[in-house]
$ cat target-v5.txt   # compact mmCIF, C-alpha atoms and all ligand atoms
# COMPACT_ATOMS: atom_id res chain seq x y z
CA MET A 2 189.68 76.52 146.79
CA PRO A 3 189.37 80.28 147.01
CA ARG A 4 186.53 81.99 148.70
CA THR A 5 184.64 83.95 146.05
CA ARG A 6 181.68 86.28 146.20
CA ILE A 7 178.47 85.63 144.34
CA GLU A 8 176.68 88.76 143.25
CA ILE A 9 173.01 88.87 144.15
CA PRO A 10 170.64 91.82 143.97
CA ASP A 11 171.20 92.99 147.51
CA GLU A 12 169.32 96.26 147.56
CA ILE A 13 165.66 96.89 148.11
CA GLU A 14 164.05 100.05 146.85
CA HIS A 15 161.89 102.10 149.21
CA PHE A 16 159.33 104.07 147.27
CA SER A 17 157.34 107.14 148.31
CA ILE A 18 155.88 110.04 146.33
CA LEU A 19 153.98 112.07 148.93
CA ASP A 20 155.88 113.07 152.06
CA GLN A 21 154.34 112.85 155.53
CA GLU A 22 152.63 116.21 155.08
CA GLY A 23 151.23 115.25 151.69
CA ASN A 24 153.76 117.28 149.63
CA LEU A 25 154.43 115.84 146.20
CA ASP A 26 157.73 114.73 144.69
CA SER A 27 156.62 116.00 141.28
CA GLY A 28 159.23 114.02 139.36
CA LEU A 29 157.55 110.82 140.53
CA GLU A 30 153.89 111.81 140.17
CA PRO A 31 152.08 108.91 138.49
CA ASN A 32 149.75 109.56 135.61
CA ILE A 33 146.38 108.82 137.19
CA ALA A 34 143.15 110.24 135.72
CA ASP A 35 141.40 112.85 137.90
CA GLU A 36 138.31 110.67 138.02
CA THR A 37 140.33 107.74 139.41
CA LEU A 38 142.01 109.98 141.98
CA LEU A 39 138.63 111.16 143.25
CA GLN A 40 137.30 107.62 143.25
CA LEU A 41 140.31 106.54 145.33
CA TYR A 42 139.60 109.37 147.76
CA HIS A 43 135.94 108.38 148.00
CA TYR A 44 136.77 104.77 148.82
CA MET A 45 139.47 105.73 151.33
CA LEU A 46 136.95 107.90 153.14
CA LEU A 47 134.20 105.30 152.85
CA GLY A 48 136.56 102.61 154.16
CA ARG A 49 137.52 104.73 157.18
CA ARG A 50 134.01 105.91 158.08
CA PHE A 51 132.47 102.47 157.55
CA ASP A 52 135.16 101.01 159.81
CA GLU A 53 134.32 103.53 162.54
CA ARG A 54 130.60 102.82 162.17
CA LEU A 55 131.15 99.05 162.35
CA LEU A 56 133.18 99.50 165.53
CA SER A 57 130.39 101.52 167.11
CA LEU A 58 127.79 98.94 166.01
CA GLN A 59 129.96 96.14 167.40
CA ARG A 60 130.17 97.90 170.78
CA GLN A 61 126.35 98.13 170.75
CA GLY A 62 126.01 94.40 170.04
CA ARG A 63 124.74 94.98 166.50
CA VAL A 64 127.79 93.51 164.69
CA GLY A 65 129.95 90.52 165.68
CA THR A 66 133.75 90.35 165.92
CA PHE A 67 135.59 91.96 163.03
CA ALA A 68 139.06 93.22 162.06
CA PRO A 69 139.20 97.01 161.51
CA ILE A 70 141.17 98.53 158.64
CA SER A 71 141.72 102.14 159.79
CA GLY A 72 145.14 103.41 158.73
CA GLN A 73 145.53 100.84 155.94
CA GLU A 74 143.24 102.41 153.31
CA ALA A 75 146.04 103.54 150.98
CA SER A 76 147.71 100.11 150.99
CA GLN A 77 144.46 98.40 150.10
CA LEU A 78 143.12 100.84 147.52
CA GLY A 79 146.35 101.78 145.74
CA THR A 80 146.81 98.08 145.02
CA ALA A 81 143.23 96.94 144.29
CA ALA A 82 142.73 99.94 141.99
CA VAL A 83 145.19 98.61 139.41
CA LEU A 84 143.25 95.38 138.92
CA ARG A 85 140.92 94.84 136.00
CA PRO A 86 137.52 93.31 136.74
CA SER A 87 138.69 89.97 135.31
CA ASP A 88 141.72 89.88 137.65
CA TRP A 89 141.49 88.11 140.99
CA LEU A 90 141.47 89.68 144.45
CA VAL A 91 142.33 87.28 147.26
CA PRO A 92 141.79 89.06 150.57
CA ALA A 93 142.77 87.97 154.07
CA PHE A 94 140.50 89.27 156.85
CA ARG A 95 141.34 93.00 157.01
CA GLU A 96 140.72 94.19 153.45
CA THR A 97 137.25 95.75 153.61
CA ALA A 98 138.30 98.87 151.66
CA ALA A 99 139.74 96.78 148.81
CA GLU A 100 136.64 94.61 148.74
CA LEU A 101 134.31 97.62 148.61
CA TRP A 102 136.37 98.96 145.71
CA ARG A 103 135.81 95.69 143.85
CA GLY A 104 132.05 95.99 144.33
CA ARG A 105 131.32 94.17 147.57
CA THR A 106 128.41 95.86 149.32
CA MET A 107 128.51 97.12 152.89
CA GLU A 108 125.44 94.95 153.57
CA SER A 109 127.44 91.88 152.58
CA VAL A 110 130.19 92.89 155.02
CA MET A 111 127.67 93.35 157.84
CA LEU A 112 125.95 90.06 157.09
CA TYR A 113 129.29 88.25 157.14
CA PHE A 114 130.36 89.75 160.46
CA ASN A 115 126.97 88.84 161.91
CA GLY A 116 127.44 85.21 160.96
CA TYR A 117 125.11 85.02 157.94
CA SER A 118 126.44 82.73 155.20
CA GLU A 119 124.76 85.08 152.72
CA GLY A 120 127.62 87.51 153.49
CA VAL A 121 130.09 85.17 151.76
CA GLU A 122 128.31 85.13 148.42
CA ILE A 123 130.29 86.67 145.57
CA PRO A 124 128.37 87.51 142.39
CA ASP A 125 129.46 85.42 139.39
CA GLU A 126 130.81 88.43 137.52
CA ARG A 127 133.29 89.30 140.28
CA ASN A 128 136.51 87.28 140.25
CA ASP A 129 137.23 87.64 143.94
CA PHE A 130 137.67 85.28 146.83
CA PRO A 131 135.84 85.60 150.14
CA ILE A 132 137.63 86.45 153.38
CA SER A 133 140.12 83.76 154.42
CA VAL A 134 141.12 83.84 158.08
CA PRO A 135 143.97 81.28 158.24
CA VAL A 136 147.08 83.46 158.23
CA GLY A 137 149.05 83.09 154.97
CA SER A 138 146.50 80.83 153.22
CA GLN A 139 145.72 83.60 150.71
CA ILE A 140 149.22 83.27 149.25
CA LEU A 141 148.68 79.68 148.15
CA HIS A 142 145.19 80.40 146.83
CA ALA A 143 146.40 83.34 144.74
CA VAL A 144 149.38 81.43 143.34
CA GLY A 145 147.05 78.62 142.28
CA ILE A 146 144.59 80.99 140.65
CA ALA A 147 147.32 82.89 138.81
CA TRP A 148 148.89 79.61 137.67
CA ALA A 149 145.51 78.60 136.22
CA SER A 150 145.31 81.94 134.42
CA GLN A 151 148.78 81.39 132.94
CA TYR A 152 147.91 77.79 131.97
CA ARG A 153 144.81 78.98 130.14
CA GLY A 154 146.82 81.58 128.24
CA LYS A 155 145.01 84.54 129.84
CA ASP A 156 146.71 87.69 131.07
CA ASP A 157 144.64 87.98 134.25
CA VAL A 158 146.63 88.39 137.43
CA ALA A 159 145.89 87.43 141.03
CA MET A 160 146.58 89.69 144.00
CA ALA A 161 147.05 88.18 147.46
CA PHE A 162 146.73 90.22 150.65
CA PHE A 163 148.38 89.23 153.91
CA GLY A 164 150.15 90.78 156.89
CA ASP A 165 153.66 91.00 158.29
CA GLY A 166 152.84 88.02 160.52
CA ALA A 167 152.07 85.84 157.51
CA THR A 168 155.69 86.09 156.34
CA SER A 169 156.62 83.64 159.14
CA GLN A 170 154.23 80.98 157.85
CA GLY A 171 155.42 78.06 155.73
CA ASP A 172 152.69 78.91 153.21
CA PHE A 173 154.43 82.21 152.48
CA HIS A 174 157.73 80.54 151.58
CA GLU A 175 156.14 77.76 149.54
CA GLY A 176 154.00 80.25 147.67
CA LEU A 177 156.82 82.65 146.83
CA ASN A 178 159.12 79.83 145.78
CA PHE A 179 156.50 78.31 143.47
CA ALA A 180 155.71 81.74 142.01
CA GLY A 181 159.42 82.30 141.34
CA VAL A 182 160.09 78.92 139.74
CA PHE A 183 157.05 79.03 137.44
CA ARG A 184 156.99 82.81 136.82
CA ILE A 185 153.44 83.01 138.10
CA PRO A 186 151.48 86.24 137.34
CA VAL A 187 150.74 87.02 140.97
CA ILE A 188 151.13 90.14 143.11
CA PHE A 189 151.86 89.60 146.79
CA VAL A 190 150.66 92.55 148.84
CA CYS A 191 152.05 92.42 152.35
CA GLN A 192 150.52 95.03 154.60
CA ASN A 193 153.25 95.47 157.17
CA ASN A 194 151.10 97.19 159.79
CA GLN A 195 153.84 96.73 162.43
CA TRP A 196 151.90 94.25 164.56
CA ALA A 197 150.68 90.65 164.37
CA ILE A 198 148.16 90.96 167.18
CA SER A 199 150.57 91.74 170.08
CA LEU A 200 153.78 90.67 168.34
CA PRO A 201 155.77 93.65 167.03
CA ARG A 202 157.40 93.60 163.62
CA LYS A 203 160.93 93.53 165.10
CA LYS A 204 160.17 90.22 166.81
CA GLN A 205 158.69 88.74 163.61
CA THR A 206 161.96 88.50 161.70
CA ARG A 207 165.58 89.60 161.87
CA SER A 208 165.44 90.77 158.24
CA GLU A 209 165.88 94.50 157.77
CA THR A 210 162.87 94.58 155.45
CA LEU A 211 160.16 92.10 154.56
CA ALA A 212 160.57 92.96 150.87
CA GLN A 213 164.09 91.50 150.76
CA LYS A 214 162.63 88.02 151.26
CA ALA A 215 161.67 88.19 147.57
CA ILE A 216 165.36 88.13 146.58
CA ALA A 217 165.78 84.55 147.80
CA TYR A 218 162.91 83.40 145.60
CA GLY A 219 164.11 85.20 142.49
CA ILE A 220 161.14 87.55 142.28
CA LYS A 221 160.94 91.32 142.36
CA GLY A 222 160.59 92.85 145.83
CA ILE A 223 159.86 96.47 146.69
CA GLN A 224 159.07 98.39 149.86
CA VAL A 225 156.59 101.26 149.57
CA ASP A 226 155.24 103.84 151.94
CA GLY A 227 151.91 102.12 152.45
CA ASN A 228 150.31 105.35 153.67
CA ASP A 229 151.05 107.05 150.36
CA VAL A 230 148.37 105.97 147.93
CA LEU A 231 150.26 107.35 144.91
CA ALA A 232 153.38 105.29 145.62
CA VAL A 233 151.31 102.18 146.32
CA TYR A 234 149.40 102.66 143.07
CA ALA A 235 152.57 103.21 141.05
CA ALA A 236 154.29 100.13 142.52
CA ALA A 237 151.20 97.99 142.00
CA SER A 238 150.83 99.17 138.38
CA GLU A 239 154.42 98.13 137.67
CA ALA A 240 153.74 94.77 139.31
CA ALA A 241 150.60 94.19 137.24
CA GLN A 242 152.44 95.08 134.03
CA ARG A 243 155.26 92.72 134.95
CA ALA A 244 152.81 89.89 135.62
CA ARG A 245 150.81 90.46 132.41
CA ALA A 246 154.00 90.61 130.35
CA GLY A 247 154.98 87.13 131.56
CA ASP A 248 157.78 88.47 133.76
CA GLY A 249 156.46 86.91 136.94
CA ALA A 250 155.57 87.80 140.47
CA THR A 251 156.19 90.86 142.65
CA PHE A 252 156.28 91.14 146.41
CA ILE A 253 155.16 94.58 147.60
CA GLU A 254 155.77 95.42 151.24
CA CYS A 255 153.43 98.26 152.20
CA VAL A 256 154.77 99.94 155.31
CA THR A 257 151.67 101.03 157.18
CA TYR A 258 150.04 100.92 160.60
CA ARG A 259 146.94 99.46 162.17
CA LEU A 260 145.50 102.50 163.96
CA SER A 261 142.71 100.54 165.63
CA VAL A 262 142.34 97.23 167.49
CA HIS A 263 143.54 93.92 165.98
CA THR A 264 139.95 92.72 166.17
CA THR A 265 137.12 93.88 168.37
CA ALA A 266 138.22 91.16 170.83
CA ASP A 267 141.59 92.87 171.42
CA ASP A 268 142.89 95.65 173.70
CA PRO A 269 146.05 97.11 172.09
CA LYS A 270 146.75 99.32 175.12
CA ARG A 271 148.13 96.19 176.76
CA TYR A 272 151.02 95.95 174.31
CA ARG A 273 151.67 99.30 172.58
CA THR A 274 151.97 102.93 173.62
CA ASP A 275 149.70 105.87 172.85
CA GLU A 276 152.78 107.77 171.61
CA GLU A 277 153.36 105.18 168.91
CA VAL A 278 149.76 105.40 167.74
CA GLU A 279 149.91 109.22 167.74
CA LEU A 280 153.06 109.15 165.63
CA TRP A 281 151.28 107.10 162.98
CA GLN A 282 148.15 109.23 163.18
CA GLN A 283 150.32 112.06 161.88
CA ARG A 284 151.07 109.92 158.83
CA ASP A 285 147.37 109.33 158.17
CA PRO A 286 147.01 108.24 154.52
CA ILE A 287 143.71 110.08 154.03
CA LYS A 288 144.97 113.44 155.30
CA ARG A 289 148.05 113.22 153.08
CA PHE A 290 146.07 112.33 149.96
CA GLN A 291 143.49 115.00 150.75
CA LYS A 292 146.20 117.63 150.89
CA TYR A 293 147.55 116.50 147.52
CA LEU A 294 144.08 116.68 145.96
CA VAL A 295 143.44 120.15 147.38
CA THR A 296 146.78 121.39 146.01
CA LYS A 297 145.91 119.86 142.66
CA GLY A 298 142.59 121.73 142.66
CA LEU A 299 140.47 118.56 142.74
CA LEU A 300 139.21 119.08 146.31
CA SER A 301 138.28 122.05 148.49
CA GLU A 302 137.05 122.44 152.04
CA GLU A 303 133.45 122.46 150.77
CA LYS A 304 134.00 119.39 148.61
CA VAL A 305 135.54 117.52 151.55
CA ALA A 306 132.51 118.39 153.71
CA ALA A 307 130.17 117.25 150.91
CA ALA A 308 132.13 113.99 150.54
CA GLU A 309 131.83 113.34 154.30
CA THR A 310 128.05 113.87 154.17
CA ALA A 311 127.63 111.66 151.09
CA VAL A 312 129.66 108.85 152.66
CA LYS A 313 127.70 109.09 155.91
CA GLU A 314 124.41 108.78 154.03
CA GLU A 315 125.69 105.90 151.93
CA ILE A 316 126.71 104.03 155.10
CA GLN A 317 123.43 104.74 156.90
CA ALA A 318 121.39 103.44 153.97
CA ALA A 319 123.48 100.24 153.87
CA VAL A 320 123.18 99.71 157.64
CA ASP A 321 119.40 100.11 157.37
CA ARG A 322 119.20 97.60 154.53
CA ALA A 323 121.41 95.08 156.32
CA GLU A 324 119.47 95.37 159.58
CA GLU A 325 116.19 94.94 157.70
CA GLN A 326 117.53 91.82 156.00
CA MET A 327 118.79 90.43 159.31
CA LYS A 328 115.30 90.57 160.82
CA ASN A 329 114.80 87.33 158.94
CA PRO A 330 116.94 84.43 160.08
CA GLY A 331 119.35 83.30 157.38
CA ASP A 332 118.73 80.01 155.64
CA PRO A 333 121.11 77.40 157.17
CA LEU A 334 121.12 75.49 153.87
CA TYR A 335 122.78 78.48 152.26
CA MET A 336 126.12 77.48 153.80
CA PHE A 337 126.42 74.75 151.16
CA GLU A 338 126.22 77.21 148.27
CA HIS A 339 128.92 79.14 146.41
CA ALA A 340 131.92 76.98 147.30
CA TYR A 341 131.73 74.25 144.65
CA ALA A 342 130.58 74.29 141.02
CA GLN A 343 129.78 70.64 141.63
CA MET A 344 129.27 69.71 145.25
CA PRO A 345 131.17 66.60 146.44
CA PRO A 346 128.96 63.62 147.41
CA HIS A 347 129.60 63.89 151.16
CA LEU A 348 128.34 67.49 151.15
CA VAL A 349 125.30 66.59 149.04
CA GLU A 350 124.51 63.99 151.69
CA GLN A 351 124.98 66.51 154.53
CA LYS A 352 122.82 69.08 152.78
CA GLU A 353 120.01 66.58 152.32
CA TYR A 354 120.31 65.49 155.94
CA LEU A 355 120.05 69.09 157.17
CA ALA A 356 117.11 69.80 154.85
CA ARG A 357 115.24 66.80 156.29
CA ALA A 358 116.06 67.87 159.87
CA LEU A 359 114.87 71.44 159.20
CA SER A 360 111.62 70.34 157.62
CA SER A 361 110.81 67.86 160.41
CA GLN A 362 111.57 70.66 162.92
CA LYS A 363 109.07 72.89 161.12
CA LYS A 364 106.41 70.17 161.19
CA GLY A 365 107.04 69.46 164.87
C1 LIG A 401 147.20 79.80 160.69
C2 LIG A 401 146.71 80.77 161.71
N1 LIG A 401 147.35 80.91 162.88
C3 LIG A 401 146.90 81.79 163.80
C4 LIG A 401 145.80 82.55 163.57
C5 LIG A 401 145.32 83.57 164.59
N2 LIG A 401 145.63 84.92 164.09
C6 LIG A 401 144.70 85.67 163.48
S1 LIG A 401 145.32 87.11 162.93
C7 LIG A 401 146.85 86.76 163.52
C8 LIG A 401 147.99 87.73 163.36
C9 LIG A 401 148.20 88.08 161.93
O1 LIG A 401 149.14 89.11 161.84
P1 LIG A 401 149.49 89.73 160.43
O2 LIG A 401 149.78 88.66 159.47
O3 LIG A 401 150.53 90.75 160.67
O4 LIG A 401 148.11 90.41 159.97
P2 LIG A 401 147.30 91.61 160.66
O5 LIG A 401 146.35 90.96 161.64
O6 LIG A 401 148.27 92.51 161.31
O7 LIG A 401 146.55 92.26 159.56
C10 LIG A 401 146.86 85.52 164.14
C11 LIG A 401 148.06 84.91 164.76
C12 LIG A 401 145.14 82.38 162.32
N3 LIG A 401 144.06 83.09 161.99
N4 LIG A 401 145.61 81.50 161.41
MG MG A 402 150.29 92.81 160.92
$ encode --input "target-v5.txt" --output "structure tokens"
Amino acid sequence: MPRTRIEIPDEIEHFSILDQEGNLDSGLEPNIADETLLQLYHYMLLGRRFDERLLSLQRQGRVGTFAPISGQEASQLGTAAVLRPSDWLVPAFRETAAELWRGRTMESVMLYFNGYSEGVEIPDERNDFPISVPVGSQILHAVGIAWASQYRGKDDVAMAFFGDGATSQGDFHEGLNFAGVFRIPVIFVCQNNQWAISLPRKKQTRSETLAQKAIAYGIKGIQVDGNDVLAVYAAASEAAQRARAGDGATFIECVTYRLSVHTTADDPKRYRTDEEVELWQQRDPIKRFQKYLVTKGLLSEEKVAAAETAVKEEIQAAVDRAEEQMKNPGDPLYMFEHAYAQMPPHLVEQKEYLARALSSQKKG
């Protein structure tokens, strides 16, 4: 028998619109309303400044362990911004900017990272999932949600967030395979931030790109400059259209960088160099987008200063509200809420048991 070659799509597109200095490739400029561009800028700035404030509060003992997002704002907002309210956002543990965009309050974030179950509550009108820490679990959740949407004949899509490390989990492969076989309307957003705690990207996989893993599952894969919010937005819009049209899933690899610590319990100086961090600071997604907006006439030095002040005030007001709320201890019974429409019998029993224990404690 002869040896023959089987043609497979063996190229992966890398997509960027703004260069590292924020200069535009005008032929690729996406058609985004000015209002949306400014909203994106606001949330990128809010995400960054809130992250910095949380880190400072954590160092003062006023916030518990959390995973900072600095450097990843464009990857999170360019993607989340293409969702409709009825779509589903399925975050991992480092998506604060995307969650704020969807309407999560900063108080909720602070409550969560201080261990209050109230911080997990999602209002009924928001089709989002809470933070899920098990690496890669978000992929299965999103595939299931999107499958349900397809089954019900809706055109809502689900968007899963995960990191480069998650691509080594079995969940990733099962999820992508299922999405391929059943043409599930799901968007996989992989934030390749170059590190899985202390494990560098080059030790995660021998594949040249993460995006090429999509080829094996028969779904569309694309690599974007994850620090270029325009390219991320354009790629995510195409993915959402594809999903809504019944043409299945997309895997978007956002090439980005975690500028800060893995979590507040980590010291990255033990495994990466200052030079590497400085290199990525030069590719800062906010600076690049800001330059584009100034060139476009939507921002000026004064407007940037005003935006910084507004964001600072917004954060301060939220911190005050959260700290006021946290003067009262949370209600332990609250942990039973918001997970099930109908609570299973063993949890009903546990809830009743705890309620009895709490009330006898009060009496004693
Ligand atoms: C199943 C599982 N294994 C291990 C961990 C511990 N852990 C938390 S984050 C992380 C690394 C994740 O790296 P990546 O997927 O690249 O996401 P990033 O933290 O860079 O955003 C690990 C191993 C976990 N949360 N879940
Ligand atoms: Mg990572």
$ closest_residue --input "target-v5.txt" --among "A:Arg85, A:Arg49, A:Arg245, A:Lys221" --to "Lys288 (chain A)" --atoms "only C-alpha atoms"
A:Arg49
$ atom_distance --input "target-v5.txt" --atom1 "CA of Ala237 (chain A)" --atom2 "CA of Thr80 (chain A)"
5.3 Å
$ closest_residue --input "target-v5.txt" --among "A:Leu112, A:Val187, A:Ile9, A:Ile198" --to "ligand LIG 401 (chain A)" --atoms "all atoms listed in the file"
A:Ile198
$ closest_residue --input "target-v5.txt" --among "A:Thr97, A:Arg63, A:Ala212, A:Val295" --to "Val320 (chain A)" --atoms "only C-alpha atoms"
A:Arg63
$ closest_residue --input "target-v5.txt" --among "A:Glu254, A:Asp229, A:Glu302, A:Asp20" --to "ligand LIG 401 (chain A)" --atoms "only C-alpha atoms and all ligand atoms"
A:Glu254
$ atom_distance --input "target-v5.txt" --atom1 "CA of Leu78 (chain A)" --atom2 "CA of Phe290 (chain A)"
12.1 Å
$ closest_residue --input "target-v5.txt" --among "A:Met336, A:Leu231, A:Cys255, A:Val158" --to "Leu25 (chain A)" --atoms "all atoms listed in the file"
A:Leu231
$ closest_atom_pairs --input "target-v5.txt" --of "region 256-362 of chain A" --to "region 73-77 of chain A" --cutoff "12 Å" --atoms "all atoms listed in the file" --output "JSON lines"
{"residue": "A:Val256", "atom": "CA", "partner": "A:Ser76", "partner_atom": "CA", "distance": 8.3}
{"residue": "A:Thr257", "atom": "CA", "partner": "A:Gln73", "partner_atom": "CA", "distance": 6.3}
{"residue": "A:Tyr258", "atom": "CA", "partner": "A:Gln73", "partner_atom": "CA", "distance": 6.5}
{"residue": "A:Arg259", "atom": "CA", "partner": "A:Gln73", "partner_atom": "CA", "distance": 6.5}
{"residue": "A:Leu260", "atom": "CA", "partner": "A:Gln73", "partner_atom": "CA", "distance": 8.2}
{"residue": "A:Ser261", "atom": "CA", "partner": "A:Gln73", "partner_atom": "CA", "distance": 10.1}
{"residue": "A:Trp281", "atom": "CA", "partner": "A:Gln73", "partner_atom": "CA", "distance": 11.0}
{"residue": "A:Gln282", "atom": "CA", "partner": "A:Gln73", "partner_atom": "CA", "distance": 11.4}
{"residue": "A:Arg284", "atom": "CA", "partner": "A:Gln73", "partner_atom": "CA", "distance": 11.0}
{"residue": "A:Asp285", "atom": "CA", "partner": "A:Gln73", "partner_atom": "CA", "distance": 9.0}
{"residue": "A:Pro286", "atom": "CA", "partner": "A:Ala75", "partner_atom": "CA", "distance": 6.0}
{"residue": "A:Ile287", "atom": "CA", "partner": "A:Ala75", "partner_atom": "CA", "distance": 7.6}
{"residue": "A:Lys288", "atom": "CA", "partner": "A:Ala75", "partner_atom": "CA", "distance": 10.9}
{"residue": "A:Arg289", "atom": "CA", "partner": "A:Ala75", "partner_atom": "CA", "distance": 10.1}
{"residue": "A:Phe290", "atom": "CA", "partner": "A:Ala75", "partner_atom": "CA", "distance": 8.8}
{"residue": "A:Gln291", "atom": "CA", "partner": "A:Ala75", "partner_atom": "CA", "distance": 11.7}
$ write_last_selection --input "target-v5.txt" --atoms "C-alpha atoms" --output "PDB file, in the frame of the given file"
ATOM      1  CA  VAL A 256     154.770  99.940 155.310  1.00  0.00           C
ATOM      2  CA  THR A 257     151.670 101.030 157.180  1.00  0.00           C
ATOM      3  CA  TYR A 258     150.040 100.920 160.600  1.00  0.00           C
ATOM      4  CA  ARG A 259     146.940  99.460 162.170  1.00  0.00           C
ATOM      5  CA  LEU A 260     145.500 102.500 163.960  1.00  0.00           C
ATOM      6  CA  SER A 261     142.710 100.540 165.630  1.00  0.00           C
ATOM      7  CA  TRP A 281     151.280 107.100 162.980  1.00  0.00           C
ATOM      8  CA  GLN A 282     148.150 109.230 163.180  1.00  0.00           C
ATOM      9  CA  ARG A 284     151.070 109.920 158.830  1.00  0.00           C
ATOM     10  CA  ASP A 285     147.370 109.330 158.170  1.00  0.00           C
ATOM     11  CA  PRO A 286     147.010 108.240 154.520  1.00  0.00           C
ATOM     12  CA  ILE A 287     143.710 110.080 154.030  1.00  0.00           C
ATOM     13  CA  LYS A 288     144.970 113.440 155.300  1.00  0.00           C
ATOM     14  CA  ARG A 289     148.050 113.220 153.080  1.00  0.00           C
ATOM     15  CA  PHE A 290     146.070 112.330 149.960  1.00  0.00           C
ATOM     16  CA  GLN A 291     143.490 115.000 150.750  1.00  0.00           C
TER      17      GLN A 291
END
$ closest_atom_pairs --input "target-v5.txt" --of "chain A" --to "ligand MG 402 (chain A)" --cutoff "8 Å" --atoms "all atoms listed in the file" --output "CSV"
residue,atom,partner,partner_atom,distance
A:Gly164,CA,A:MG402,MG,4.5
A:Asp165,CA,A:MG402,MG,4.6
A:Gly166,CA,A:MG402,MG,5.4
A:Ala167,CA,A:MG402,MG,8.0
A:Gln192,CA,A:MG402,MG,6.7
A:Asn193,CA,A:MG402,MG,5.5
A:Asn194,CA,A:MG402,MG,4.6
A:Gln195,CA,A:MG402,MG,5.5
A:Trp196,CA,A:MG402,MG,4.2
A:Ala197,CA,A:MG402,MG,4.1
A:Ile198,CA,A:MG402,MG,6.9
A:Arg202,CA,A:MG402,MG,7.6
A:Arg259,CA,A:MG402,MG,7.6
$ closest_residue --input "target-v5.txt" --among "A:Lys364, A:Arg184, A:Arg153, A:Arg95" --to "ligand LIG 401 (chain A)" --atoms "only C-alpha atoms and all ligand atoms"
A:Arg95
$ atom_distance --input "target-v5.txt" --atom1 "CA of Tyr44 (chain A)" --atom2 "CA of Ala82 (chain A)"
10.3 Å
$ residues_near_point --input "target-v5.txt" --point "(154.5, 93.0, 138.4)" --cutoff "9 Å" --atoms "only C-alpha atoms" --output "MDAnalysis selection string"
chainID A and resid 186:188 221 236:246 248:252
$ residues_around --input "target-v5.txt" --residues "Glu324 (chain A)" --least-positions-apart "2" --cutoff "12 Å" --atoms "all atoms listed in the file" --output "ChimeraX atom specification"
/A:58,63-64,107-112,115,117,317-322,326-330
$ axis_aligned_box --input "target-v5.txt" --around "ligand LIG 401 (chain A)" --padding-each-side "3 Å" --output "JSON"
{"center_x": 147.3, "center_y": 86.2, "center_z": 162.1, "size_x": 12.5, "size_y": 18.7, "size_z": 11.3}
$ residues_around --input "target-v5.txt" --residues "region 66-69 of chain A" --least-positions-apart "2" --cutoff "8 Å" --atoms "all atoms listed in the file" --output "list of chain:residue names"
A:Asp52, A:Leu56, A:Gln59, A:Val64, A:Ser71, A:Phe94, A:Arg95, A:Phe114, A:Ser261, A:Val262, A:His263, A:Thr264, A:Thr265, A:Ala266
$ residues_around --input "target-v5.txt" --residues "region 138-148 of chain A" --least-positions-apart "2" --cutoff "6 Å" --atoms "all atoms listed in the file" --output "JSON, numbers by chain"
{"A": [135, 136, 150, 151, 158, 159, 161, 176, 185, 186, 187]}
$ write_last_selection --input "target-v5.txt" --atoms "C-alpha atoms" --output "PDB file, in the frame of the given file"
ATOM      1  CA  PRO A 135     143.970  81.280 158.240  1.00  0.00           C
ATOM      2  CA  VAL A 136     147.080  83.460 158.230  1.00  0.00           C
ATOM      3  CA  SER A 150     145.310  81.940 134.420  1.00  0.00           C
ATOM      4  CA  GLN A 151     148.780  81.390 132.940  1.00  0.00           C
ATOM      5  CA  VAL A 158     146.630  88.390 137.430  1.00  0.00           C
ATOM      6  CA  ALA A 159     145.890  87.430 141.030  1.00  0.00           C
ATOM      7  CA  ALA A 161     147.050  88.180 147.460  1.00  0.00           C
ATOM      8  CA  GLY A 176     154.000  80.250 147.670  1.00  0.00           C
ATOM      9  CA  ILE A 185     153.440  83.010 138.100  1.00  0.00           C
ATOM     10  CA  PRO A 186     151.480  86.240 137.340  1.00  0.00           C
ATOM     11  CA  VAL A 187     150.740  87.020 140.970  1.00  0.00           C
TER      12      VAL A 187
END
